[in-house]
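Okay, upload_3.csv is below, CSV, C-alpha atoms:
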```csv
chain,number,residue,atom,x,y,z
Y,1387,MET,CA,38.5,74.3,89.4
Y,1388,GLU,CA,37.6,75.2,93.0
Y,1389,THR,CA,34.8,77.7,93.3
Y,1390,ARG,CA,36.7,80.3,95.3
Y,1391,THR,CA,39.6,80.2,92.8
Y,1392,MET,CA,37.2,80.5,89.9
Y,1393,GLU,CA,35.5,83.5,91.5
Y,1394,SER,CA,38.8,85.2,92.1
Y,1395,SER,CA,39.9,84.6,88.6
Y,1396,ILE,CA,36.7,85.9,87.2
Y,1397,ALA,CA,36.9,89.0,89.4
Y,1398,SER,CA,40.4,89.8,88.2
Y,1399,ALA,CA,39.6,89.3,84.5
Y,1400,ALA,CA,36.2,91.1,84.6
Y,1401,GLY,CA,37.8,94.0,86.4
Y,1402,LYS,CA,40.4,94.4,83.7
Y,1403,LEU,CA,37.8,94.1,81.0
Y,1404,LEU,CA,35.7,96.9,82.6
Y,1405,ARG,CA,38.8,99.0,83.1
Y,1406,ASP,CA,39.8,98.6,79.4
Y,1407,HIS,CA,36.4,99.6,78.1
Y,1408,PHE,CA,35.2,102.2,80.6
Y,1409,GLY,CA,38.5,103.8,81.3
Y,1410,LYS,CA,38.1,103.1,85.0
Y,1411,GLY,CA,37.4,99.9,86.8
Y,1412,PRO,CA,35.3,99.3,89.9
Y,1413,GLY,CA,36.8,100.0,93.3
Y,1414,SER,CA,35.9,96.4,94.2
Y,1415,LEU,CA,34.2,93.3,92.6
Y,1416,PHE,CA,32.4,90.5,94.4
Y,1417,VAL,CA,31.8,87.4,92.3
Y,1418,THR,CA,29.5,84.5,93.2
Y,1419,VAL,CA,29.4,81.4,91.1
Y,1420,GLU,CA,26.6,79.1,92.0
Y,1421,LYS,CA,25.7,77.1,88.9
Y,1422,PRO,CA,23.9,77.9,86.7
Y,1423,PHE,CA,24.3,81.6,87.8
Y,1424,ILE,CA,27.1,84.0,88.1
Y,1425,THR,CA,26.8,87.4,89.7
Y,1426,ILE,CA,29.4,90.1,89.7
Y,1427,TYR,CA,28.7,93.0,92.1
Y,1428,LEU,CA,30.5,96.2,91.4
Y,1429,LYS,CA,31.3,98.9,94.0
Y,1430,ASN,CA,32.5,102.4,93.4
Y,1431,PHE,CA,32.0,102.2,89.7
Y,1432,LEU,CA,31.6,105.6,88.1
Y,1433,ALA,CA,34.0,107.2,85.6
Y,1434,PRO,CA,34.8,110.9,85.9
Y,1435,MET,CA,32.9,111.8,82.7
Y,1436,GLU,CA,29.9,110.0,84.1
Y,1437,ASN,CA,30.1,111.9,87.3
Y,1438,VAL,CA,30.0,115.2,85.3
Y,1439,LEU,CA,26.9,114.0,83.4
Y,1440,LEU,CA,25.2,113.0,86.6
Y,1441,GLU,CA,26.0,116.5,88.1
Y,1442,GLN,CA,24.2,117.9,85.0
Y,1443,ASN,CA,21.2,115.6,85.6
Y,1444,ASN,CA,22.0,113.5,82.5
Y,1445,ALA,CA,21.6,110.0,84.0
Y,1446,LEU,CA,19.9,108.8,80.8
Y,1447,LYS,CA,23.1,109.7,78.8
Y,1448,VAL,CA,25.1,107.6,81.3
Y,1449,GLN,CA,22.7,104.7,80.9
Y,1450,GLU,CA,22.8,105.0,77.1
Y,1451,THR,CA,26.6,105.1,77.0
Y,1452,ARG,CA,26.9,102.1,79.4
Y,1453,ASP,CA,24.4,100.2,77.2
Y,1454,LEU,CA,26.7,100.8,74.2
Y,1455,LEU,CA,29.8,99.7,76.1
Y,1456,MET,CA,28.1,96.6,77.5
Y,1457,SER,CA,27.0,95.5,74.0
Y,1458,LYS,CA,30.7,95.8,73.0
Y,1459,ILE,CA,31.9,93.9,76.1
Y,1460,LYS,CA,29.3,91.1,76.0
Y,1461,PRO,CA,31.2,88.7,73.6
Y,1462,ASP,CA,34.5,89.1,75.6
Y,1463,LEU,CA,32.6,88.6,78.9
Y,1464,GLN,CA,30.9,85.4,77.5
Y,1465,VAL,CA,34.3,84.0,76.4
Y,1466,LEU,CA,35.8,84.8,79.8
Y,1467,LEU,CA,33.0,83.2,81.8
Y,1468,SER,CA,32.8,80.2,79.5
Y,1469,ALA,CA,36.5,79.6,79.9
Y,1470,GLU,CA,36.4,79.8,83.6
Y,1471,THR,CA,33.3,77.6,84.1
Y,1472,ASN,CA,33.6,75.2,81.2
Y,1473,HIS,CA,30.0,76.0,80.3
Y,1474,SER,CA,28.4,78.1,77.5
Y,1475,VAL,CA,27.0,81.4,78.7
Y,1476,GLY,CA,23.4,82.1,77.9
Y,1477,THR,CA,21.9,85.4,79.0
Y,1478,ILE,CA,24.0,88.3,80.4
Y,1479,ARG,CA,22.1,91.1,82.1
Y,1480,TYR,CA,23.2,94.1,84.1
Y,1481,ASP,CA,21.8,97.0,86.1
Y,1482,TRP,CA,23.3,100.1,87.7
Y,1483,ASN,CA,22.6,102.2,90.7
Y,1484,LEU,CA,24.3,105.4,89.6
Y,1485,GLU,CA,23.5,107.2,92.8
Y,1486,LYS,CA,25.3,104.6,94.9
Y,1487,ARG,CA,28.0,104.0,92.2
Y,1488,THR,CA,27.2,100.3,92.2
Y,1489,GLY,CA,26.2,97.7,89.6
Y,1490,ILE,CA,25.6,94.1,89.0
Y,1491,LEU,CA,26.3,91.8,86.1
Y,1492,PHE,CA,24.3,88.6,85.9
Y,1493,ALA,CA,25.1,85.6,83.7
Y,1494,GLU,CA,23.1,82.4,83.3
Y,1495,LEU,CA,25.1,79.4,82.2
Y,1496,GLN,CA,23.6,76.9,79.8
Y,1497,THR,CA,23.7,73.8,82.1
Y,1498,ASN,CA,21.5,70.9,82.9
Y,1499,PRO,CA,18.6,72.0,85.1
Y,1500,ASN,CA,19.3,69.1,87.4
Y,1501,GLU,CA,22.5,70.8,88.5
Y,1502,PHE,CA,20.6,73.0,90.9
Y,1503,GLU,CA,21.4,72.4,94.5
Y,1504,THR,CA,18.3,71.5,96.6
Y,1505,ASP,CA,19.1,74.3,99.0
Y,1506,GLN,CA,19.1,76.8,96.1
Y,1507,LEU,CA,15.5,75.9,95.3
Y,1508,ASP,CA,14.1,75.2,98.7
Y,1509,TYR,CA,15.6,77.7,101.1
Y,1510,LYS,CA,14.4,79.1,104.4
Y,1511,ALA,CA,11.8,81.9,104.2
Y,1512,LYS,CA,11.2,81.3,100.4
Y,1513,LYS,CA,7.4,81.5,100.9
Y,1514,GLU,CA,7.7,84.9,102.7
Y,1515,ILE,CA,10.1,86.2,100.1
Y,1516,HIS,CA,7.8,85.3,97.3
Y,1517,GLU,CA,4.9,87.0,99.1
Y,1518,GLU,CA,6.9,90.1,99.5
Y,1519,ILE,CA,8.0,90.0,95.8
Y,1520,GLU,CA,4.4,89.7,94.8
Y,1521,ARG,CA,3.3,92.5,97.1
Y,1522,PHE,CA,5.7,95.1,95.8
Y,1523,THR,CA,5.3,93.9,92.2
Y,1524,LYS,CA,1.5,94.3,92.5
Y,1525,LYS,CA,1.9,97.7,94.0
Y,1526,ALA,CA,4.2,99.0,91.2
Y,1527,GLN,CA,2.9,97.0,88.3
Y,1528,LYS,CA,0.6,94.0,88.6
Y,1529,SER,CA,0.8,90.6,90.2
Y,1530,PRO,CA,3.2,88.3,88.4
Y,1531,ARG,CA,1.9,85.2,86.8
Y,1532,ASN,CA,4.7,83.2,88.2
Y,1533,ILE,CA,7.7,83.7,90.6
Y,1534,LYS,CA,10.8,81.6,90.7
Y,1535,SER,CA,13.7,82.2,93.0
Y,1536,PHE,CA,17.1,80.7,93.7
Y,1537,LYS,CA,19.4,81.3,96.7
Y,1538,LEU,CA,23.0,81.8,95.6
Y,1539,ASN,CA,24.5,82.7,99.0
Y,1540,ASP,CA,23.5,84.3,102.3
Y,1541,ARG,CA,23.3,87.7,100.7
Y,1542,THR,CA,21.9,86.9,97.2
Y,1543,ILE,CA,18.6,85.6,96.1
Y,1544,ILE,CA,17.7,85.7,92.4
Y,1545,SER,CA,14.0,86.0,91.5
Y,1546,LYS,CA,12.3,85.8,88.2
Y,1547,ARG,CA,8.9,87.3,87.8
Y,1548,GLU,CA,6.8,86.4,84.7
Y,1549,ASP,CA,4.2,88.5,83.0
Y,1550,ILE,CA,4.6,91.7,85.0
Y,1551,LEU,CA,4.3,94.4,82.4
Y,1552,VAL,CA,1.1,96.4,82.0
Y,1553,CYS,CA,-0.3,97.1,78.5
Y,1554,ILE,CA,1.2,100.5,78.2
Y,1555,GLU,CA,4.7,99.2,79.0
Y,1556,ASN,CA,4.3,96.4,76.4
Y,1557,GLU,CA,3.2,99.1,73.9
Y,1558,LEU,CA,6.2,101.3,74.7
Y,1559,ILE,CA,8.6,98.4,74.1
Y,1560,ASN,CA,6.9,97.5,70.9
Y,1561,THR,CA,7.2,101.1,69.6
Y,1562,GLY,CA,10.9,101.4,70.4
Y,1563,PHE,CA,10.9,103.1,73.8
Y,1564,GLU,CA,12.5,100.2,75.8
Y,1565,GLU,CA,15.5,102.3,76.9
Y,1566,GLN,CA,13.3,105.0,78.5
Y,1567,LEU,CA,11.1,102.4,80.1
Y,1568,SER,CA,14.1,100.5,81.5
Y,1569,CYS,CA,15.8,103.6,82.9
Y,1570,ARG,CA,12.7,104.8,84.6
Y,1571,ASN,CA,11.7,101.5,86.1
Y,1572,GLY,CA,15.2,100.2,87.0
Y,1573,ASN,CA,14.6,97.1,84.9
Y,1574,TRP,CA,17.4,94.8,83.9
Y,1575,ARG,CA,19.2,95.4,80.7
Y,1576,SER,CA,20.1,92.6,78.5
Y,1577,THR,CA,22.8,92.7,75.9
```

What would the structure in this file look like if it were written as structure tokens?
Amino acid sequence: METRTMESSIASAAGKLLRDHFGKGPGSLFVTVEKPFITIYLKNFLAPMENVLLEQNNALKVQETRDLLMSKIKPDLQVLLSAETNHSVGTIRYDWNLEKRTGILFAELQTNPNEFETDQLDYKAKKEIHEEIERFTKKAQKSPRNIKSFKLNDRTIISKREDILVCIENELINTGFEEQLSCRNGNWRST
């Protein structure tokens, strides 16, 4: 299937899936398929009930509710993405910017690592981007042990930072406070 047709089909099906579970779908969806990654960017995505909770300074409740809904949606999203791409779906992650009413869903397909395009791995300004990632990570947490990045399109670069949590964050996760840590630091959620 042609990539544009696949992206359009995923956008339509994902929009319906979100609408069915959240009671309201996003105003718009932008899908990028660049194997082995799929990103689904959501704009204008906030249900009326969530808006009320945010007005009452209950962002944590919105995050918790969305986490519950995403854990319910994950199997359907995996089936949808697998059917469209003819690949098994590995990790699905998501994050929300409630203030801007946006979100992103991120899926990694289980594919052969040799399927990466050379320009995904070796793109212009990669060194400068890695330096900037290291600079802001070090400022907020600590220097990452390793940084990998992949260019999906002109507006999307995915980066993976390894070993960035400080001791207190690891201890919070180990004692069951992962949700609070995720919400405060804007870390990705994985279902």

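The spacing separating atom CA of Gly1401 of chain Y from atom CA of Asp1462 of chain Y amounts to 12.3 Å.
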
Sphere at (25.1, 99.2, 86.7), radius 8 Å, counting all atoms listed in the file: residues as an MDAnalysis selection string: chainID Y and resid 1428 1480:1484 1487:1491

Pairwise distance for atom CA of Lys1537 of chain Y and atom CA of Gln1449 of chain Y, rounded to one decimal in Å: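 Taking atom CA of Lys1537 of chain Y and atom CA of Gln1449 of chain Y, their separation equals 28.4 Å.
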
Between atom CA of Phe1408 of chain Y and atom CA of Asn1430 of chain Y - distance in Å to one decimal: 13.1 Å

Pick from Y:Glu1393, Y:Glu1441, Y:Asp1453, Y:Glu1485 nearest to Phe1416 of chain Y, counting all atoms listed in the file: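 Result for the nearest residue to Phe1416 of chain Y: Y:Glu1393.
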
Given all atoms listed in the file as the counted atoms, nearest of Y:Thr1451, Y:Ser1474, Y:Gln1496, Y:Thr1389 to Val1419 of chain Y: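 Smallest distance to Val1419 of chain Y is found for Y:Thr1389.
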
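For Leu1463 of chain Y, the residues within 12 Å (counting all atoms listed in the file, excluding itself and residues fewer than 5 positions away along the chain) are Ile1396, Ala1397, Ala1399, Ala1400, Gly1401, Lys1402, Leu1403, Leu1404, His1407, Ile1424, Ile1426, Leu1455, Met1456, Ser1457, Lys1458, Ser1468, Ala1469, Glu1470, Ser1474, Val1475, Gly1476, Thr1477, Ile1478, Arg1479, Leu1491, Phe1492, Ala1493 and Thr1577 of chain Y.
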
Residue among Y:Leu1440, Y:Thr1425, Y:Ser1394, Y:Leu1432 lying closest to Thr1542 of chain Y, counting only C-alpha atoms: Y:Thr1425

Nearby residues (all atoms listed in the file) at most 7 Å from Leu1439 of chain Y, same-chain spacing under 5 positions excluded, as number ranges by chain: Y: 1444-1445, 1448
